[in-house]
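J.: So I've got this file, coords_18.cif, and it contains mmCIF, C-alpha atoms and all ligand atoms:
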```cif
data_input
#
loop_
_atom_site.label_atom_id
_atom_site.label_comp_id
_atom_site.auth_asym_id
_atom_site.auth_seq_id
_atom_site.Cartn_x
_atom_site.Cartn_y
_atom_site.Cartn_z
CA MET D 1 6.29 -10.26 -8.72
CA LEU D 2 4.02 -12.84 -7.15
CA PRO D 3 5.65 -16.13 -6.18
CA ALA D 4 4.98 -18.85 -8.76
CA LYS D 5 2.26 -21.30 -7.80
CA THR D 6 3.33 -24.88 -7.14
CA PRO D 7 1.81 -26.99 -9.93
CA ALA D 8 -1.08 -29.18 -8.80
CA THR D 9 -0.58 -32.95 -8.93
CA ASP D 10 -3.03 -35.82 -9.20
CA THR D 11 -2.56 -36.58 -5.53
CA ASP D 12 -3.48 -33.08 -4.33
CA PRO D 13 -6.81 -33.01 -2.52
CA PRO D 14 -9.43 -30.99 -4.40
CA THR D 15 -9.16 -27.37 -3.32
CA GLN D 16 -12.25 -25.60 -2.12
CA ALA D 17 -13.64 -23.39 -4.86
CA ALA D 18 -13.71 -20.29 -2.65
CA MET D 19 -12.41 -18.13 -5.48
CA PRO D 20 -12.81 -18.33 -9.23
CA PRO D 21 -9.72 -19.31 -11.25
CA GLN D 22 -7.29 -16.52 -12.04
CA THR D 23 -8.64 -15.73 -15.51
CA ASP D 24 -12.24 -15.55 -14.24
CA LEU D 25 -11.06 -13.40 -11.34
CA SER D 26 -9.28 -11.03 -13.73
CA ARG D 27 -12.35 -10.78 -15.92
CA THR D 28 -14.65 -10.20 -12.94
CA ILE D 29 -12.45 -7.42 -11.58
CA ALA D 30 -12.08 -5.81 -15.00
CA ASP D 31 -15.88 -5.89 -15.42
CA ASN D 32 -16.41 -4.51 -11.93
CA LEU D 33 -13.95 -1.68 -12.58
CA ALA D 34 -15.66 -0.82 -15.85
CA ARG D 35 -19.00 -0.61 -14.04
CA VAL D 36 -17.60 1.60 -11.26
CA ARG D 37 -15.95 3.91 -13.81
CA GLU D 38 -19.29 4.14 -15.60
CA ARG D 39 -21.07 5.00 -12.34
CA ILE D 40 -18.54 7.76 -11.71
CA ALA D 41 -18.80 9.10 -15.29
CA ASP D 42 -22.62 9.03 -15.16
CA ALA D 43 -22.62 10.90 -11.85
CA GLU D 44 -20.13 13.47 -13.17
CA ALA D 45 -22.43 14.08 -16.15
CA ARG D 46 -25.63 14.17 -14.10
CA TYR D 47 -24.31 16.58 -11.48
CA GLY D 48 -22.35 18.92 -13.74
CA ARG D 49 -18.89 17.78 -12.73
CA PRO D 50 -16.15 17.94 -15.39
CA PRO D 51 -15.44 14.51 -16.91
CA GLY D 52 -12.50 12.87 -15.14
CA SER D 53 -12.64 15.19 -12.12
CA VAL D 54 -13.28 12.32 -9.68
CA ALA D 55 -10.41 9.91 -9.03
CA LEU D 56 -11.08 6.29 -8.15
CA LEU D 57 -9.25 4.80 -5.20
CA ALA D 58 -9.71 1.01 -5.25
CA VAL D 59 -9.94 -0.17 -1.64
CA SER D 60 -8.12 -3.50 -1.52
CA LYS D 61 -8.02 -4.07 2.25
CA ARG D 62 -8.34 -7.77 3.16
CA HIS D 63 -8.01 -8.83 -0.48
CA GLY D 64 -4.94 -10.64 -1.76
CA ALA D 65 -2.20 -9.27 -4.01
CA GLU D 66 -3.55 -11.27 -6.98
CA ARG D 67 -6.69 -9.11 -6.99
CA ILE D 68 -4.66 -5.91 -6.95
CA GLN D 69 -2.60 -7.27 -9.82
CA ALA D 70 -5.80 -8.03 -11.75
CA ALA D 71 -7.10 -4.51 -11.11
CA HIS D 72 -3.80 -3.04 -12.26
CA ALA D 73 -4.02 -5.10 -15.46
CA ALA D 74 -7.41 -3.44 -16.01
CA GLY D 75 -5.86 0.03 -15.68
CA GLN D 76 -6.30 0.81 -11.97
CA THR D 77 -3.28 2.41 -10.28
CA LEU D 78 -4.48 3.84 -6.93
CA PHE D 79 -5.17 1.46 -4.04
CA GLY D 80 -6.45 2.05 -0.51
CA GLU D 81 -5.39 -0.07 2.44
CA SER D 82 -6.43 0.04 6.11
CA TYR D 83 -4.02 -2.32 7.87
CA VAL D 84 -0.32 -1.44 7.79
CA GLN D 85 1.31 -4.86 8.01
CA GLU D 86 -1.13 -6.40 5.54
CA ALA D 87 -0.42 -3.55 3.13
CA LEU D 88 3.37 -3.85 3.48
CA ASP D 89 3.17 -7.55 2.58
CA LYS D 90 1.18 -6.78 -0.56
CA GLN D 91 3.45 -3.87 -1.50
CA ALA D 92 6.45 -6.20 -1.28
CA ALA D 93 4.72 -8.78 -3.49
CA LEU D 94 3.76 -6.11 -6.03
CA SER D 95 6.87 -3.91 -5.91
CA ALA D 96 7.44 -4.33 -9.66
CA LEU D 97 4.19 -2.48 -10.42
CA PRO D 98 3.90 1.35 -10.43
CA LEU D 99 1.05 1.60 -7.90
CA GLY D 100 -0.03 4.46 -5.63
CA TRP D 101 -0.78 3.41 -2.05
CA HIS D 102 -3.22 5.36 0.11
CA PHE D 103 -3.54 4.66 3.82
CA ILE D 104 -7.23 4.91 4.72
CA GLY D 105 -7.25 3.18 8.10
CA ARG D 106 -6.99 4.52 11.61
CA VAL D 107 -3.50 6.01 12.17
CA GLN D 108 -1.84 4.45 15.20
CA THR D 109 1.14 6.12 16.85
CA ASN D 110 3.38 3.06 16.61
CA LYS D 111 2.68 2.72 12.88
CA THR D 112 3.49 6.25 11.70
CA ARG D 113 7.05 5.38 10.63
CA ASP D 114 5.86 2.61 8.30
CA ILE D 115 3.05 4.78 6.98
CA ALA D 116 5.38 7.71 6.29
CA ALA D 117 7.88 5.47 4.52
CA HIS D 118 5.57 3.19 2.52
CA PHE D 119 2.46 5.15 1.60
CA ASP D 120 1.87 7.92 -0.92
CA TRP D 121 -1.16 9.46 0.82
CA VAL D 122 -2.92 9.39 4.19
CA HIS D 123 -6.68 9.87 4.47
CA GLY D 124 -8.02 10.07 7.98
CA LEU D 125 -5.57 12.23 9.92
CA CYS D 126 -7.19 13.08 13.28
CA GLU D 127 -4.36 14.03 15.65
CA LEU D 128 -1.61 16.65 15.72
CA LYS D 129 0.74 14.10 17.29
CA HIS D 130 0.31 11.85 14.24
CA ALA D 131 0.83 14.76 11.86
CA ARG D 132 4.11 15.65 13.61
CA ARG D 133 5.35 12.07 13.57
CA LEU D 134 4.39 11.49 9.92
CA GLY D 135 6.19 14.69 8.93
CA ALA D 136 9.31 13.94 10.94
CA GLN D 137 9.42 10.33 9.75
CA ARG D 138 8.78 11.03 6.07
CA PRO D 139 11.97 10.00 4.24
CA ALA D 140 13.90 12.98 2.89
CA THR D 141 13.99 11.37 -0.57
CA ALA D 142 10.18 11.35 -0.79
CA GLY D 143 8.12 14.49 -1.29
CA PRO D 144 5.85 15.79 1.48
CA LEU D 145 3.15 13.24 2.34
CA PRO D 146 -0.30 14.47 1.26
CA VAL D 147 -2.79 14.08 4.12
CA CYS D 148 -6.53 14.59 4.47
CA VAL D 149 -8.06 15.54 7.81
CA GLN D 150 -10.94 13.24 8.73
CA VAL D 151 -14.17 14.90 9.81
CA ASN D 152 -17.01 13.17 11.66
CA LEU D 153 -20.23 14.59 10.28
CA SER D 154 -22.63 11.91 11.48
CA GLY D 155 -22.11 12.76 15.13
CA GLU D 156 -21.46 9.12 16.00
CA ALA D 157 -19.24 8.70 19.02
CA SER D 158 -17.81 5.46 17.64
CA LYS D 159 -16.62 6.95 14.35
CA ALA D 160 -13.16 8.42 13.96
CA GLY D 161 -12.71 12.02 12.90
CA LEU D 162 -12.72 15.53 14.27
CA LEU D 163 -15.89 17.44 14.91
CA PRO D 164 -16.29 20.18 12.29
CA GLU D 165 -15.51 22.90 14.86
CA GLN D 166 -12.16 21.25 15.66
CA VAL D 167 -10.83 21.15 12.09
CA SER D 168 -9.53 24.68 11.69
CA GLU D 169 -7.23 24.39 14.73
CA LEU D 170 -5.62 21.21 13.39
CA LEU D 171 -5.20 22.79 9.96
CA ASP D 172 -3.41 25.76 11.52
CA GLN D 173 -1.15 23.47 13.52
CA CYS D 174 -0.30 21.33 10.49
CA ARG D 175 0.49 24.19 8.16
CA ASP D 176 4.17 24.47 9.07
CA ILE D 177 4.98 20.81 9.57
CA ALA D 178 7.64 19.86 7.02
CA GLY D 179 7.20 16.42 5.50
CA ILE D 180 3.42 16.57 5.17
CA SER D 181 1.12 18.68 3.04
CA VAL D 182 -2.55 19.06 3.87
CA ALA D 183 -4.47 18.18 0.69
CA GLY D 184 -8.03 18.35 1.94
CA LEU D 185 -10.76 16.70 3.99
CA MET D 186 -12.13 13.16 4.26
CA THR D 187 -15.29 11.71 5.75
CA LEU D 188 -16.87 8.30 6.30
CA PRO D 189 -20.52 8.87 7.17
CA ALA D 190 -22.98 6.41 8.66
CA PRO D 191 -24.74 4.35 5.98
CA ALA D 192 -27.98 5.82 4.63
CA ASP D 193 -30.33 4.36 2.01
CA ASP D 194 -31.79 7.42 0.49
CA LEU D 195 -29.82 9.69 -1.87
CA ALA D 196 -30.91 12.91 -0.17
CA GLU D 197 -29.84 11.55 3.21
CA GLN D 198 -26.53 10.31 1.77
CA ARG D 199 -25.82 13.75 0.32
CA ARG D 200 -26.24 15.59 3.63
CA PRO D 201 -22.85 14.79 5.28
CA PHE D 202 -21.04 15.17 1.95
CA ALA D 203 -22.60 18.60 1.46
CA ALA D 204 -21.51 19.48 4.98
CA LEU D 205 -17.91 18.42 4.26
CA ARG D 206 -17.87 20.53 1.13
CA ALA D 207 -19.31 23.55 2.97
CA LEU D 208 -16.69 23.14 5.70
CA ARG D 209 -13.95 22.99 3.06
CA ASP D 210 -15.31 26.10 1.34
CA ARG D 211 -15.30 27.93 4.66
CA LEU D 212 -11.76 26.89 5.69
CA ALA D 213 -9.96 26.99 2.33
CA THR D 214 -7.52 29.84 1.72
CA PRO D 215 -5.25 30.65 -1.24
CA ALA D 216 -2.32 29.24 0.76
CA LEU D 217 -4.29 26.15 1.79
CA PRO D 218 -6.87 25.44 -0.92
CA LEU D 219 -7.94 22.01 0.45
CA THR D 220 -8.62 20.78 -3.05
CA THR D 221 -9.19 17.13 -2.14
CA LEU D 222 -12.56 15.92 -0.88
CA SER D 223 -12.15 12.20 -0.14
CA MET D 224 -15.71 10.93 0.21
CA GLY D 225 -18.00 8.27 -1.20
CA MET D 226 -17.82 4.47 -1.20
CA THR D 227 -19.61 1.59 -2.95
CA ALA D 228 -23.04 2.46 -1.57
CA ASP D 229 -22.95 6.24 -1.83
CA LEU D 230 -20.47 7.32 -4.49
CA GLU D 231 -23.13 9.10 -6.60
CA ALA D 232 -24.14 11.23 -3.61
CA ALA D 233 -20.48 12.08 -3.00
CA VAL D 234 -19.84 13.03 -6.64
CA ALA D 235 -22.97 15.20 -6.55
CA GLU D 236 -21.50 17.10 -3.59
CA GLY D 237 -18.02 17.61 -5.00
CA ALA D 238 -15.94 14.51 -4.17
CA THR D 239 -12.57 14.57 -5.91
CA MET D 240 -11.67 11.04 -4.80
CA VAL D 241 -14.06 8.17 -4.08
CA ARG D 242 -12.86 5.14 -2.09
CA VAL D 243 -14.52 2.03 -3.51
CA GLY D 244 -13.89 -1.51 -2.27
CA THR D 245 -16.81 -3.92 -2.59
CA ALA D 246 -17.96 -2.79 -6.04
CA VAL D 247 -14.43 -3.40 -7.39
CA PHE D 248 -13.22 -6.50 -5.55
CA GLY D 249 -16.42 -8.15 -4.27
CA PRO D 250 -17.25 -8.83 -0.62
CA ARG D 251 -14.29 -8.75 1.75
CA PRO D 252 -13.22 -12.01 3.41
CA PRO D 253 -13.36 -11.84 7.21
CA ALA D 254 -10.13 -10.71 8.90
CA GLY D 255 -7.50 -13.43 9.04
CA GLU D 256 -8.96 -15.42 6.11
CA ARG D 257 -7.29 -13.79 3.18
C1 LIG D 301 -13.41 -0.16 3.60
C2 LIG D 301 -13.41 1.28 3.35
C3 LIG D 301 -13.94 1.81 2.15
C4 LIG D 301 -14.57 0.96 1.05
O1 LIG D 301 -15.85 0.55 1.41
P1 LIG D 301 -16.81 -0.20 0.36
O2 LIG D 301 -18.16 -0.06 0.95
O3 LIG D 301 -16.36 -1.63 0.30
O4 LIG D 301 -16.69 0.46 -0.96
C5 LIG D 301 -13.85 3.19 1.98
N1 LIG D 301 -13.29 3.99 2.90
C6 LIG D 301 -12.80 3.52 4.05
C7 LIG D 301 -12.19 4.47 5.04
C8 LIG D 301 -12.85 2.16 4.32
O5 LIG D 301 -12.35 1.71 5.48
#
```
Translate the structure described by the file into structure tokens.
T.:
Amino acid sequence: MLPAKTPATDTDPPTQAAMPPQTDLSRTIADNLARVRERIADAEARYGRPPGSVALLAVSKRHGAERIQAAHAAGQTLFGESYVQEALDKQAALSALPLGWHFIGRVQTNKTRDIAAHFDWVHGLCELKHARRLGAQRPATAGPLPVCVQVNLSGEASKAGLLPEQVSELLDQCRDIAGISVAGLMTLPAPADDLAEQRRPFAALRALRDRLATPALPLTTLSMGMTADLEAAVAEGATMVRVGTAVFGPRPPAGER
């Protein structure tokens, strides 16, 4: 539960209207979610994907718990977070709600214990060391932690992710790690304006998956597509899109939640 708000008094200074009142916020988020669901459904229909085959992960990083609560009230259950401590605070505030928490940030070695204990999924696995730690630190009471291996298909040195030719080795190494289960592949391409250009890295991720998948390791999850390029991702076989801005609005700068 969220802590109750202290009632305002006549002597309180006027608060800055940085955010709409709660009811407006709830309505805005519900409307936003409806529009995103419609975009996904339209893309499924246009590109011959079965209805409901693309899951929506609402990326709530840098937004407060009240926005997640509003999204949950509008039927959203899966949330993506990039910063461990920030996410743990929100999880504590929202522990009464049955939410699924996906870690989509950069995995850091000193955060694997918290990630293994407090998240339901990890997108963006890039290192064997992290896979081993996540597996070893996954609580015995929880099932194996589903992970996606992040692939860098834009060739940008600054972006996280393995090069395509490095993926099969990590998959082999992860196969026998208890406590994790490799669910598929994830990518976060450089922004592109044009649909054909947006589709290129997503098509490459799908082709890589098709090449590396085996009956024992089907790699069914393709985590790809965000606010600006979700249609391109659905066209190329995304099974989970990670959408922040179109659901919650622009993110406040770090430290100003
Ligand atoms: C922030 C983030 C998103 C969401 O981006 P939007 O453009 O706001 O939809 C998706 N995936 C990852 C890995 C992110 O860090």
J.: Mind listing the residues within 7 Å of ligand LIG 301 (chain D), all atoms listed in the file counted, as a PyMOL selection string?
T.: chain D and resi 59+61+82+104-105+188+226-228+242-246
J.: Counting only C-alpha atoms, figure out which residue out of D:Asp24, D:Asp176, D:Glu86, D:Glu165 gets nearest to D:Ala136.
T.: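 With only C-alpha atoms as the atom set, the closest residue is D:Asp176.
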J.: What's the separation between atom CA of D:Thr77 and atom CA of D:Gly100, in Å to one decimal place?
T.: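 Between atom CA of D:Thr77 and atom CA of D:Gly100 the gap is 6.0 Å.
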J.: Using only C-alpha atoms, collect all residues at a distance of at most 7 Å from (-8.3, 18.6, -3.9) as written in the file, then present them as a CSV table (one decimal) with C-alpha atoms, keeping the file's coordinate frame.
T.:
```csv
chain,number,residue,atom,x,y,z
D,183,ALA,CA,-4.5,18.2,0.7
D,184,GLY,CA,-8.0,18.4,1.9
D,219,LEU,CA,-7.9,22.0,0.4
D,220,THR,CA,-8.6,20.8,-3.0
D,221,THR,CA,-9.2,17.1,-2.1
D,222,LEU,CA,-12.6,15.9,-0.9
D,239,THR,CA,-12.6,14.6,-5.9
```
J.: What's the separation between atom CA of D:Thr109 and atom CA of D:Leu78, in Å to one decimal place?
T.: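 Separation between atom CA of D:Thr109 and atom CA of D:Leu78: 24.5 Å.
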J.: Return the single residue from D:Gly155, D:Ala74, D:Ser168, D:Pro252 that is closest to D:Arg211, with distances computed using all atoms listed in the file.
T.: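 Smallest distance to D:Arg211 is found for D:Ser168.
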J.: For D:Ala30, which of D:Ala254, D:Ile68, D:Leu88, D:Leu162 is the closest residue, counting only C-alpha atoms?
T.: D:Ile68
J.: Which is closer to D:Ser154 than all the others in D:Val107, D:Ala204, D:Leu217, D:Val167, using all atoms listed in the file?
T.: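 Nearest to D:Ser154: D:Ala204.
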J.: Using only C-alpha atoms, which of D:Asp194, D:Glu81, D:Asp31, D:Glu44 sits nearest D:His123?
T.: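 The answer is D:Glu81, which sits nearest to D:His123.
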J.: Just give me the gap between atom CA of D:Met240 and atom CA of D:Thr141 in Å, one decimal is fine.
T.: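 Computing the Euclidean distance for atom CA of D:Met240 and atom CA of D:Thr141 yields 26.0 Å.
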J.: Looking at all atoms listed in the file, which of D:His130, D:Arg175, D:Arg67, D:His72 is the one that sits closest to D:Leu97?
T.: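 Nearest candidate to D:Leu97 out of D:His130, D:Arg175, D:Arg67, D:His72: D:His72.
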J.: Please, which residues are within 10 Å of (-25.6, 15.0, -1.2) by the file's coordinates, counting all atoms listed in the file, and could they come as JSON, numbers by chain?
T.: {"D": [194, 195, 196, 197, 198, 199, 200, 201, 202, 203, 204, 206, 229, 230, 231, 232, 233, 234, 235, 236, 237]}
J.: N, CA, C and O atoms for stretch 85-108 of chain D, written as a PDB file, in the coordinates of the input, could you do that?
T.:
```pdb
ATOM      1  N   GLN D  85       0.486  -3.689   8.305  1.00  0.00           N
ATOM      2  CA  GLN D  85       1.310  -4.860   8.010  1.00  0.00           C
ATOM      3  C   GLN D  85       0.801  -5.607   6.779  1.00  0.00           C
ATOM      4  O   GLN D  85       1.575  -6.032   5.924  1.00  0.00           O
ATOM      5  N   GLU D  86      -0.527  -5.748   6.700  1.00  0.00           N
ATOM      6  CA  GLU D  86      -1.130  -6.400   5.540  1.00  0.00           C
ATOM      7  C   GLU D  86      -0.728  -5.666   4.250  1.00  0.00           C
ATOM      8  O   GLU D  86      -0.376  -6.284   3.243  1.00  0.00           O
ATOM      9  N   ALA D  87      -0.763  -4.344   4.307  1.00  0.00           N
ATOM     10  CA  ALA D  87      -0.420  -3.550   3.130  1.00  0.00           C
ATOM     11  C   ALA D  87       1.053  -3.714   2.763  1.00  0.00           C
ATOM     12  O   ALA D  87       1.396  -3.857   1.582  1.00  0.00           O
ATOM     13  N   LEU D  88       1.932  -3.719   3.772  1.00  0.00           N
ATOM     14  CA  LEU D  88       3.370  -3.850   3.480  1.00  0.00           C
ATOM     15  C   LEU D  88       3.653  -5.181   2.792  1.00  0.00           C
ATOM     16  O   LEU D  88       4.473  -5.252   1.873  1.00  0.00           O
ATOM     17  N   ASP D  89       2.976  -6.242   3.226  1.00  0.00           N
ATOM     18  CA  ASP D  89       3.170  -7.550   2.580  1.00  0.00           C
ATOM     19  C   ASP D  89       2.765  -7.488   1.105  1.00  0.00           C
ATOM     20  O   ASP D  89       3.473  -8.007   0.236  1.00  0.00           O
ATOM     21  N   LYS D  90       1.630  -6.857   0.831  1.00  0.00           N
ATOM     22  CA  LYS D  90       1.180  -6.780  -0.560  1.00  0.00           C
ATOM     23  C   LYS D  90       2.089  -5.867  -1.381  1.00  0.00           C
ATOM     24  O   LYS D  90       2.389  -6.155  -2.536  1.00  0.00           O
ATOM     25  N   GLN D  91       2.538  -4.769  -0.780  1.00  0.00           N
ATOM     26  CA  GLN D  91       3.450  -3.870  -1.500  1.00  0.00           C
ATOM     27  C   GLN D  91       4.725  -4.609  -1.891  1.00  0.00           C
ATOM     28  O   GLN D  91       5.238  -4.440  -2.999  1.00  0.00           O
ATOM     29  N   ALA D  92       5.231  -5.450  -0.984  1.00  0.00           N
ATOM     30  CA  ALA D  92       6.450  -6.200  -1.280  1.00  0.00           C
ATOM     31  C   ALA D  92       6.206  -7.171  -2.438  1.00  0.00           C
ATOM     32  O   ALA D  92       7.031  -7.303  -3.347  1.00  0.00           O
ATOM     33  N   ALA D  93       5.033  -7.821  -2.424  1.00  0.00           N
ATOM     34  CA  ALA D  93       4.720  -8.780  -3.490  1.00  0.00           C
ATOM     35  C   ALA D  93       4.515  -8.091  -4.832  1.00  0.00           C
ATOM     36  O   ALA D  93       4.712  -8.699  -5.876  1.00  0.00           O
ATOM     37  N   LEU D  94       4.121  -6.820  -4.801  1.00  0.00           N
ATOM     38  CA  LEU D  94       3.760  -6.110  -6.030  1.00  0.00           C
ATOM     39  C   LEU D  94       4.737  -4.989  -6.358  1.00  0.00           C
ATOM     40  O   LEU D  94       4.405  -4.069  -7.121  1.00  0.00           O
ATOM     41  N   SER D  95       5.952  -5.059  -5.803  1.00  0.00           N
ATOM     42  CA  SER D  95       6.870  -3.910  -5.910  1.00  0.00           C
ATOM     43  C   SER D  95       7.259  -3.612  -7.350  1.00  0.00           C
ATOM     44  O   SER D  95       7.706  -2.500  -7.641  1.00  0.00           O
ATOM     45  N   ALA D  96       7.077  -4.578  -8.258  1.00  0.00           N
ATOM     46  CA  ALA D  96       7.440  -4.330  -9.660  1.00  0.00           C
ATOM     47  C   ALA D  96       6.416  -3.422 -10.354  1.00  0.00           C
ATOM     48  O   ALA D  96       6.697  -2.902 -11.428  1.00  0.00           O
ATOM     49  N   LEU D  97       5.238  -3.263  -9.765  1.00  0.00           N
ATOM     50  CA  LEU D  97       4.190  -2.480 -10.420  1.00  0.00           C
ATOM     51  C   LEU D  97       4.190  -1.029  -9.928  1.00  0.00           C
ATOM     52  O   LEU D  97       4.413  -0.778  -8.738  1.00  0.00           O
ATOM     53  N   PRO D  98       3.907  -0.067 -10.820  1.00  0.00           N
ATOM     54  CA  PRO D  98       3.900   1.350 -10.430  1.00  0.00           C
ATOM     55  C   PRO D  98       2.555   1.742  -9.808  1.00  0.00           C
ATOM     56  O   PRO D  98       1.731   2.381 -10.447  1.00  0.00           O
ATOM     57  N   LEU D  99       2.335   1.370  -8.564  1.00  0.00           N
ATOM     58  CA  LEU D  99       1.050   1.600  -7.900  1.00  0.00           C
ATOM     59  C   LEU D  99       1.149   2.742  -6.902  1.00  0.00           C
ATOM     60  O   LEU D  99       2.202   2.980  -6.319  1.00  0.00           O
ATOM     61  N   GLY D 100       0.061   3.445  -6.680  1.00  0.00           N
ATOM     62  CA  GLY D 100      -0.030   4.460  -5.630  1.00  0.00           C
ATOM     63  C   GLY D 100      -0.777   3.870  -4.448  1.00  0.00           C
ATOM     64  O   GLY D 100      -1.856   3.306  -4.622  1.00  0.00           O
ATOM     65  N   TRP D 101      -0.211   4.021  -3.246  1.00  0.00           N
ATOM     66  CA  TRP D 101      -0.780   3.410  -2.050  1.00  0.00           C
ATOM     67  C   TRP D 101      -1.297   4.476  -1.101  1.00  0.00           C
ATOM     68  O   TRP D 101      -0.539   5.331  -0.646  1.00  0.00           O
ATOM     69  N   HIS D 102      -2.590   4.388  -0.793  1.00  0.00           N
ATOM     70  CA  HIS D 102      -3.220   5.360   0.110  1.00  0.00           C
ATOM     71  C   HIS D 102      -3.589   4.671   1.407  1.00  0.00           C
ATOM     72  O   HIS D 102      -4.278   3.643   1.386  1.00  0.00           O
ATOM     73  N   PHE D 103      -3.154   5.231   2.527  1.00  0.00           N
ATOM     74  CA  PHE D 103      -3.540   4.660   3.820  1.00  0.00           C
ATOM     75  C   PHE D 103      -4.868   5.275   4.240  1.00  0.00           C
ATOM     76  O   PHE D 103      -4.979   6.488   4.422  1.00  0.00           O
ATOM     77  N   ILE D 104      -5.895   4.411   4.396  1.00  0.00           N
ATOM     78  CA  ILE D 104      -7.230   4.910   4.720  1.00  0.00           C
ATOM     79  C   ILE D 104      -7.719   4.414   6.074  1.00  0.00           C
ATOM     80  O   ILE D 104      -8.867   4.649   6.448  1.00  0.00           O
ATOM     81  N   GLY D 105      -6.840   3.720   6.804  1.00  0.00           N
ATOM     82  CA  GLY D 105      -7.250   3.180   8.100  1.00  0.00           C
ATOM     83  C   GLY D 105      -7.037   4.192   9.214  1.00  0.00           C
ATOM     84  O   GLY D 105      -6.744   5.366   8.993  1.00  0.00           O
ATOM     85  N   ARG D 106      -7.210   3.697  10.438  1.00  0.00           N
ATOM     86  CA  ARG D 106      -6.990   4.520  11.610  1.00  0.00           C
ATOM     87  C   ARG D 106      -5.483   4.630  11.850  1.00  0.00           C
ATOM     88  O   ARG D 106      -4.809   3.606  11.939  1.00  0.00           O
ATOM     89  N   VAL D 107      -4.946   5.848  11.928  1.00  0.00           N
ATOM     90  CA  VAL D 107      -3.500   6.010  12.170  1.00  0.00           C
ATOM     91  C   VAL D 107      -3.220   5.667  13.624  1.00  0.00           C
ATOM     92  O   VAL D 107      -3.878   6.189  14.525  1.00  0.00           O
ATOM     93  N   GLN D 108      -2.268   4.771  13.830  1.00  0.00           N
ATOM     94  CA  GLN D 108      -1.840   4.450  15.200  1.00  0.00           C
ATOM     95  C   GLN D 108      -0.417   4.971  15.384  1.00  0.00           C
ATOM     96  O   GLN D 108       0.404   4.895  14.473  1.00  0.00           O
TER      97      GLN D 108
END
```
